[in-house]
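Below is data_16.json, which holds JSON, C-alpha atoms and all ligand atoms.
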[["chain", "number", "residue", "atom", "x", "y", "z"],
["A", 1, "MET", "CA", 60.21, 89.81, 87.59],
["A", 2, "LEU", "CA", 59.98, 93.52, 88.36],
["A", 3, "ALA", "CA", 59.23, 94.76, 84.81],
["A", 4, "ASP", "CA", 56.34, 92.27, 84.47],
["A", 5, "ASN", "CA", 54.96, 93.26, 87.85],
["A", 6, "LEU", "CA", 55.11, 96.92, 86.82],
["A", 7, "LYS", "CA", 53.21, 96.15, 83.59],
["A", 8, "THR", "CA", 50.50, 94.51, 85.70],
["A", 9, "LEU", "CA", 50.59, 97.51, 88.03],
["A", 10, "LEU", "CA", 50.21, 99.96, 85.14],
["A", 11, "ALA", "CA", 47.17, 98.10, 83.78],
["A", 12, "THR", "CA", 45.62, 97.80, 87.26],
["A", 13, "GLU", "CA", 46.14, 101.50, 88.01],
["A", 14, "TYR", "CA", 44.38, 102.34, 84.74],
["A", 15, "ALA", "CA", 41.48, 100.02, 85.59],
["A", 16, "PHE", "CA", 41.21, 101.59, 89.06],
["A", 17, "VAL", "CA", 41.22, 105.11, 87.59],
["A", 18, "VAL", "CA", 38.56, 104.23, 85.03],
["A", 19, "LYS", "CA", 36.33, 102.75, 87.74],
["A", 20, "ALA", "CA", 36.75, 105.69, 90.14],
["A", 21, "GLN", "CA", 36.03, 108.06, 87.26],
["A", 22, "PHE", "CA", 32.95, 106.02, 86.27],
["A", 23, "PHE", "CA", 31.69, 106.36, 89.86],
["A", 24, "HIS", "CA", 32.56, 110.09, 89.91],
["A", 25, "TRP", "CA", 30.33, 110.54, 86.86],
["A", 26, "ASN", "CA", 27.43, 108.35, 87.92],
["A", 27, "VAL", "CA", 27.10, 108.41, 91.70],
["A", 28, "GLU", "CA", 23.69, 109.58, 92.97],
["A", 29, "GLY", "CA", 22.02, 110.23, 96.31],
["A", 30, "PRO", "CA", 21.63, 112.85, 99.03],
["A", 31, "ASP", "CA", 25.43, 113.02, 99.50],
["A", 32, "PHE", "CA", 26.05, 113.40, 95.78],
["A", 33, "ALA", "CA", 28.30, 116.48, 96.00],
["A", 34, "GLN", "CA", 30.63, 114.92, 98.57],
["A", 35, "TYR", "CA", 30.82, 111.55, 96.78],
["A", 36, "HIS", "CA", 31.31, 113.11, 93.37],
["A", 37, "LYS", "CA", 34.19, 115.19, 94.74],
["A", 38, "PHE", "CA", 35.76, 112.27, 96.63],
["A", 39, "PHE", "CA", 35.78, 109.96, 93.58],
["A", 40, "GLY", "CA", 37.19, 112.85, 91.52],
["A", 41, "LYS", "CA", 40.14, 113.33, 93.90],
["A", 42, "LEU", "CA", 40.67, 109.57, 94.07],
["A", 43, "TYR", "CA", 41.01, 109.03, 90.34],
["A", 44, "GLU", "CA", 43.22, 112.10, 89.96],
["A", 45, "GLU", "CA", 45.59, 110.89, 92.68],
["A", 46, "VAL", "CA", 45.96, 107.41, 91.18],
["A", 47, "TYR", "CA", 46.19, 108.86, 87.66],
["A", 48, "GLY", "CA", 49.31, 110.71, 88.80],
["A", 49, "ALA", "CA", 51.07, 107.35, 89.34],
["A", 50, "ILE", "CA", 50.45, 106.04, 85.82],
["A", 51, "ASP", "CA", 53.14, 107.95, 83.93],
["A", 52, "PRO", "CA", 55.93, 107.27, 86.47],
["A", 53, "THR", "CA", 54.96, 103.57, 86.51],
["A", 54, "ALA", "CA", 55.25, 103.42, 82.71],
["A", 55, "GLU", "CA", 58.55, 105.28, 82.72],
["A", 56, "TYR", "CA", 60.04, 102.86, 85.24],
["A", 57, "ILE", "CA", 59.16, 100.03, 82.84],
["A", 58, "ARG", "CA", 61.15, 101.89, 80.16],
["A", 59, "ILE", "CA", 64.03, 102.51, 82.58],
["A", 60, "LEU", "CA", 64.16, 98.70, 82.95],
["A", 61, "ASP", "CA", 64.47, 98.59, 79.14],
["A", 62, "GLU", "CA", 61.09, 96.94, 78.54],
["A", 63, "TYR", "CA", 58.17, 98.28, 76.52],
["A", 64, "THR", "CA", 54.94, 99.31, 78.23],
["A", 65, "PRO", "CA", 51.49, 97.97, 77.39],
["A", 66, "GLY", "CA", 49.25, 100.76, 76.03],
["A", 67, "SER", "CA", 45.84, 99.62, 74.84],
["A", 68, "PHE", "CA", 42.46, 98.83, 76.42],
["A", 69, "GLU", "CA", 42.91, 95.26, 75.16],
["A", 70, "ARG", "CA", 46.28, 94.73, 76.86],
["A", 71, "PHE", "CA", 45.22, 96.59, 79.99],
["A", 72, "SER", "CA", 42.15, 94.40, 80.43],
["A", 73, "GLU", "CA", 44.28, 91.26, 79.93],
["A", 74, "LEU", "CA", 46.77, 92.40, 82.56],
["A", 75, "SER", "CA", 44.60, 94.20, 85.13],
["A", 76, "GLN", "CA", 44.09, 92.52, 88.50],
["A", 77, "ILE", "CA", 40.78, 94.34, 88.97],
["A", 78, "THR", "CA", 37.71, 93.94, 86.80],
["A", 79, "GLY", "CA", 35.72, 96.82, 85.37],
["A", 80, "GLN", "CA", 32.17, 97.64, 86.32],
["A", 81, "THR", "CA", 29.55, 97.76, 83.56],
["A", 82, "LYS", "CA", 26.50, 98.56, 85.73],
["A", 83, "VAL", "CA", 25.96, 101.62, 87.89],
["A", 84, "PRO", "CA", 25.96, 100.36, 91.51],
["A", 85, "ARG", "CA", 24.33, 102.15, 94.45],
["A", 86, "ALA", "CA", 26.66, 104.64, 96.18],
["A", 87, "ARG", "CA", 27.39, 102.33, 99.13],
["A", 88, "LEU", "CA", 28.35, 99.48, 96.79],
["A", 89, "MET", "CA", 30.70, 101.82, 94.92],
["A", 90, "PHE", "CA", 32.65, 102.32, 98.13],
["A", 91, "THR", "CA", 32.62, 98.60, 98.98],
["A", 92, "GLU", "CA", 33.87, 97.71, 95.53],
["A", 93, "LEU", "CA", 36.63, 100.32, 95.43],
["A", 94, "LEU", "CA", 37.75, 99.33, 98.93],
["A", 95, "ALA", "CA", 38.23, 95.72, 97.74],
["A", 96, "ASP", "CA", 39.97, 96.89, 94.54],
["A", 97, "ASN", "CA", 42.18, 99.18, 96.58],
["A", 98, "GLN", "CA", 43.24, 96.17, 98.68],
["A", 99, "THR", "CA", 44.06, 94.30, 95.45],
["A", 100, "MET", "CA", 46.24, 97.29, 94.49],
["A", 101, "ILE", "CA", 48.02, 97.18, 97.86],
["A", 102, "ASP", "CA", 48.71, 93.43, 97.50],
["A", 103, "LEU", "CA", 50.07, 94.00, 94.00],
["A", 104, "LEU", "CA", 52.20, 96.94, 95.17],
["A", 105, "ASN", "CA", 53.65, 94.72, 97.91],
["A", 106, "ARG", "CA", 54.66, 92.18, 95.25],
["A", 107, "CYS", "CA", 56.22, 94.99, 93.19],
["A", 108, "PHE", "CA", 58.11, 96.21, 96.25],
["A", 109, "GLU", "CA", 59.51, 92.73, 96.89],
["A", 110, "SER", "CA", 60.71, 92.31, 93.33],
["A", 111, "ALA", "CA", 62.20, 95.85, 93.30],
["A", 112, "ALA", "CA", 64.13, 95.00, 96.48],
["A", 113, "ASN", "CA", 65.25, 91.64, 95.03],
["A", 114, "GLU", "CA", 66.49, 93.33, 91.87],
["A", 115, "LYS", "CA", 68.19, 96.09, 93.88],
["A", 116, "GLN", "CA", 66.13, 98.82, 92.24],
["A", 117, "GLU", "CA", 66.02, 101.15, 95.23],
["A", 118, "GLY", "CA", 64.57, 104.10, 93.31],
["A", 119, "ILE", "CA", 61.66, 102.01, 92.08],
["A", 120, "ALA", "CA", 61.22, 100.51, 95.56],
["A", 121, "ASN", "CA", 60.94, 104.08, 96.95],
["A", 122, "PHE", "CA", 58.30, 104.99, 94.40],
["A", 123, "ILE", "CA", 56.37, 101.81, 95.19],
["A", 124, "ALA", "CA", 56.62, 102.47, 98.94],
["A", 125, "GLU", "CA", 55.04, 105.89, 98.37],
["A", 126, "ARG", "CA", 52.24, 104.28, 96.38],
["A", 127, "ILE", "CA", 51.64, 101.80, 99.23],
["A", 128, "ASP", "CA", 51.28, 104.80, 101.56],
["A", 129, "ALA", "CA", 48.89, 106.57, 99.20],
["A", 130, "HIS", "CA", 46.69, 103.49, 98.80],
["A", 131, "GLY", "CA", 46.75, 102.94, 102.56],
["A", 132, "LYS", "CA", 45.24, 106.41, 102.88],
["A", 133, "HIS", "CA", 42.64, 105.60, 100.21],
["A", 134, "SER", "CA", 41.66, 102.48, 102.21],
["A", 135, "TRP", "CA", 41.15, 104.57, 105.33],
["A", 136, "MET", "CA", 38.88, 107.02, 103.49],
["A", 137, "LEU", "CA", 36.88, 104.37, 101.63],
["A", 138, "ARG", "CA", 36.40, 102.45, 104.89],
["A", 139, "SER", "CA", 35.29, 105.60, 106.71],
["A", 140, "PHE", "CA", 32.54, 106.31, 104.17],
["A", 141, "LEU", "CA", 31.18, 102.81, 104.89],
["A", 142, "LYS", "CA", 31.14, 103.17, 108.69],
["A", 143, "GLU", "CA", 27.75, 103.50, 110.39],
["A", 144, "ASP", "CA", 27.15, 106.72, 112.35],
["A", 145, "ARG", "CA", 28.08, 106.49, 116.01],
["A", 146, "ALA", "CA", 24.99, 107.01, 118.20],
["B", 1, "FE", "FE", 34.49, 115.71, 86.83]]

Produce structure tokens that represent the structure in this file.
Ligand SMILES: [Fe+2]
Amino acid sequence: MLADNLKTLLATEYAFVVKAQFFHWNVEGPDFAQYHKFFGKLYEEVYGAIDPTAEYIRILDEYTPGSFERFSELSQITGQTKVPRARLMFTELLADNQTMIDLLNRCFESAANEKQEGIANFIAERIDAHGKHSWMLRSFLKEDRA
């Protein structure tokens, strides 16, 4: 059901934002400035999707979840309690970003099934945005070409 998928999406977006922000605050190493800035842009971009996601749940006449407790029950990605090395931050967010893309694909399918074209459009844009995040996260992990 679309509204349930969107509740899961909302919680997962929040979890993703919190993790990217956690990495923005705590990343260390010779490329600190670049990494700090990248994680900052990443969490801001995904944060921008949270309010529209919640409002689409309301448009479907359902109530949104809105607490850490509910978000951690619903989220498809788990939080990080330790501070990983920079490289592991990218590996972890790349995997989480793929989880987001899979979830967005499920949301798109249910939006199409329920003939919610406006919501399907919004979801399609989010799939694009996360596709771009995958490209960037992957590129940080690539070895230098000799
Ligand atoms: Fe900051």

>> I'd like the neighbourhood of Ala124 in chain A as a ChimeraX atom specification, where a residue qualifies if any of its atoms comes within 12 Å (using all atoms listed in the file), though same-chain residues fewer than 4 positions away should be ignored.
In response: /A:101,103-109,111-112,117-120,128-131

> If you count all atoms listed in the file, which residues fall within 12 Å of Ser67 in chain A, apart from same-chain ones fewer than 6 positions away, as a ChimeraX atom specification?
Replying inline: /A:7,10-11,14-15,73-75

>> Can you measure CA of Gly48 in chain A to CA of Val18 in chain A for me? One decimal in Å is fine.
In response: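 Calculated distance between CA of Gly48 in chain A and CA of Val18 in chain A is 13.1 Å.
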
> With only C-alpha atoms as the atoms that count, which of A:Thr8, A:Thr91, A:Gln21, A:Ser134 lies nearest to Glu44 in chain A?
Replying inline: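 Looking only at the distances to Glu44 in chain A, the closest residue turns out to be A:Gln21.
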
> Using only C-alpha atoms and all ligand atoms, what are the residues with an atom within 10 Å of ligand FE 1 (chain B), set out as a PyMOL selection string?
Replying inline: chain A and resi 21-22+24-25+36-37+39-41+43-44

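Picture a line from CA of Phe90 in chain A to CA of Gly66 in chain A; it runs 27.7 Å.
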
>> Would you compute the distance between CA of Asp4 in chain A and CA of Gln76 in chain A? Give it in Å to one decimal.
In response: 12.9 Å

>> Counting all atoms listed in the file, which residue out of A:Leu60, A:Asp31, A:Ser110, A:Asp102 sits closest to Phe140 in chain A?
In response: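 Using all atoms listed in the file, the shortest distance to Phe140 in chain A belongs to A:Asp31.
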
> Using all atoms listed in the file, which residues sit within 12 Å of Glu55 in chain A once same-chain residues fewer than 5 positions away are excluded, as an NGL selection string?
Replying inline: :A and (3 or 6-7 or 10 or 49-50 or 60-65 or 119 or 122)

Just C-alpha atoms for this one: save the residues we selected as a PDB file, in the coordinates of the input.
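To be explicit, this is the file written out as out_28.pdb:
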ATOM      1  CA  ALA A   3      59.230  94.760  84.810  1.00  0.00           C
ATOM      2  CA  LEU A   6      55.110  96.920  86.820  1.00  0.00           C
ATOM      3  CA  LYS A   7      53.210  96.150  83.590  1.00  0.00           C
ATOM      4  CA  LEU A  10      50.210  99.960  85.140  1.00  0.00           C
ATOM      5  CA  ALA A  49      51.070 107.350  89.340  1.00  0.00           C
ATOM      6  CA  ILE A  50      50.450 106.040  85.820  1.00  0.00           C
ATOM      7  CA  LEU A  60      64.160  98.700  82.950  1.00  0.00           C
ATOM      8  CA  ASP A  61      64.470  98.590  79.140  1.00  0.00           C
ATOM      9  CA  GLU A  62      61.090  96.940  78.540  1.00  0.00           C
ATOM     10  CA  TYR A  63      58.170  98.280  76.520  1.00  0.00           C
ATOM     11  CA  THR A  64      54.940  99.310  78.230  1.00  0.00           C
ATOM     12  CA  PRO A  65      51.490  97.970  77.390  1.00  0.00           C
ATOM     13  CA  ILE A 119      61.660 102.010  92.080  1.00  0.00           C
ATOM     14  CA  PHE A 122      58.300 104.990  94.400  1.00  0.00           C
TER      15      PHE A 122
END

> What lies within 9 Å of Thr78 in chain A using only C-alpha atoms, ignoring chain neighbours under 6 positions off, as an MDAnalysis selection string?
Replying inline: chainID A and resid 12 15:16 19 72 96

Could you turn the residues from that selection into a file that holds C-alpha atoms, as a compact mmCIF listing (two decimals), keeping the file's coordinate frame?
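Listing of result-v7.txt after writing:
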# COMPACT_ATOMS: atom_id res chain seq x y z
CA THR A 12 45.62 97.80 87.26
CA ALA A 15 41.48 100.02 85.59
CA PHE A 16 41.21 101.59 89.06
CA LYS A 19 36.33 102.75 87.74
CA SER A 72 42.15 94.40 80.43
CA ASP A 96 39.97 96.89 94.54

Do you know which residues lie at most 12 Å from (28.4, 99.5, 104.7), with coordinates as in the file and all atoms listed in the file counted, and could you write them as a tab-separated table (two decimals) with C-alpha atoms, in the coordinates of the input?
chain	number	residue	atom	x	y	z
A	85	ARG	CA	24.33	102.15	94.45
A	86	ALA	CA	26.66	104.64	96.18
A	87	ARG	CA	27.39	102.33	99.13
A	88	LEU	CA	28.35	99.48	96.79
A	89	MET	CA	30.70	101.82	94.92
A	90	PHE	CA	32.65	102.32	98.13
A	91	THR	CA	32.62	98.60	98.98
A	92	GLU	CA	33.87	97.71	95.53
A	94	LEU	CA	37.75	99.33	98.93
A	137	LEU	CA	36.88	104.37	101.63
A	138	ARG	CA	36.40	102.45	104.89
A	139	SER	CA	35.29	105.60	106.71
A	140	PHE	CA	32.54	106.31	104.17
A	141	LEU	CA	31.18	102.81	104.89
A	142	LYS	CA	31.14	103.17	108.69
A	143	GLU	CA	27.75	103.50	110.39
A	144	ASP	CA	27.15	106.72	112.35

> Smallest atom-to-atom distance to Val17 in chain A: which of A:Phe68, A:Ile123, A:Glu45, A:Ala95, using only C-alpha atoms?
Replying inline: A:Glu45

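Comparing A:Ala20, A:Ile77, A:Ile59, A:Val46 by their smallest distance to Leu2 in chain A, the closest is A:Ile59 (using all atoms listed in the file).
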
Enclose the full set of atoms of range 48-51 of chain A listed in the file within a box whose edges lie along x, y and z, apply 6 Å of padding to each of the six sides, and report centre and edge lengths in Å to one decimal as AutoDock Vina command-line options.
--center_x 51.2 --center_y 108.4 --center_z 86.6 --size_x 15.8 --size_y 16.7 --size_z 17.4

Is it possible to add N, CA and C atoms to range 112-135 of chain A and hand it back as a short mmCIF file (atom, residue, chain, number, x, y, z; two decimals), keeping the file's coordinate frame?
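Written file, selection.cif:
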data_model
loop_
_atom_site.label_atom_id
_atom_site.label_comp_id
_atom_site.auth_asym_id
_atom_site.auth_seq_id
_atom_site.Cartn_x
_atom_site.Cartn_y
_atom_site.Cartn_z
N ALA A 112 63.06 95.23 95.49
CA ALA A 112 64.13 95.00 96.48
C ALA A 112 65.04 93.86 96.03
N ASN A 113 64.45 92.77 95.52
CA ASN A 113 65.25 91.64 95.03
C ASN A 113 66.18 92.03 93.90
N GLU A 114 65.69 92.93 93.03
CA GLU A 114 66.49 93.33 91.87
C GLU A 114 67.34 94.57 92.16
N LYS A 115 67.39 94.94 93.43
CA LYS A 115 68.19 96.09 93.88
C LYS A 115 67.86 97.37 93.13
N GLN A 116 66.58 97.59 92.88
CA GLN A 116 66.13 98.82 92.24
C GLN A 116 65.56 99.72 93.33
N GLU A 117 66.46 100.37 94.06
CA GLU A 117 66.02 101.15 95.23
C GLU A 117 65.10 102.31 94.86
N GLY A 118 65.41 102.97 93.74
CA GLY A 118 64.57 104.10 93.31
C GLY A 118 63.14 103.67 93.06
N ILE A 119 63.01 102.53 92.37
CA ILE A 119 61.66 102.01 92.08
C ILE A 119 61.00 101.57 93.38
N ALA A 120 61.78 100.94 94.26
CA ALA A 120 61.22 100.51 95.56
C ALA A 120 60.69 101.72 96.34
N ASN A 121 61.41 102.85 96.28
CA ASN A 121 60.94 104.08 96.95
C ASN A 121 59.62 104.55 96.38
N PHE A 122 59.53 104.58 95.07
CA PHE A 122 58.30 104.99 94.40
C PHE A 122 57.14 104.07 94.82
N ILE A 123 57.42 102.78 94.82
CA ILE A 123 56.37 101.81 95.19
C ILE A 123 55.95 102.00 96.66
N ALA A 124 56.94 102.26 97.52
CA ALA A 124 56.62 102.47 98.94
C ALA A 124 55.69 103.67 99.10
N GLU A 125 55.93 104.72 98.32
CA GLU A 125 55.04 105.89 98.37
C GLU A 125 53.63 105.55 97.89
N ARG A 126 53.57 104.69 96.88
CA ARG A 126 52.24 104.28 96.38
C ARG A 126 51.51 103.43 97.43
N ILE A 127 52.26 102.61 98.17
CA ILE A 127 51.64 101.80 99.23
C ILE A 127 51.05 102.74 100.29
N ASP A 128 51.77 103.78 100.63
CA ASP A 128 51.28 104.80 101.56
C ASP A 128 50.00 105.46 101.04
N ALA A 129 50.04 105.87 99.78
CA ALA A 129 48.89 106.57 99.20
C ALA A 129 47.66 105.67 99.20
N HIS A 130 47.84 104.41 98.83
CA HIS A 130 46.69 103.49 98.80
C HIS A 130 46.22 103.12 100.20
N GLY A 131 47.14 103.15 101.16
CA GLY A 131 46.75 102.94 102.56
C GLY A 131 45.79 104.04 102.99
N LYS A 132 46.10 105.27 102.57
CA LYS A 132 45.24 106.41 102.88
C LYS A 132 43.88 106.28 102.17
N HIS A 133 43.91 105.81 100.93
CA HIS A 133 42.64 105.60 100.21
C HIS A 133 41.77 104.57 100.94
N SER A 134 42.40 103.51 101.47
CA SER A 134 41.66 102.48 102.21
C SER A 134 40.96 103.10 103.42
N TRP A 135 41.71 103.91 104.15
CA TRP A 135 41.15 104.57 105.33
C TRP A 135 39.90 105.38 104.94
#
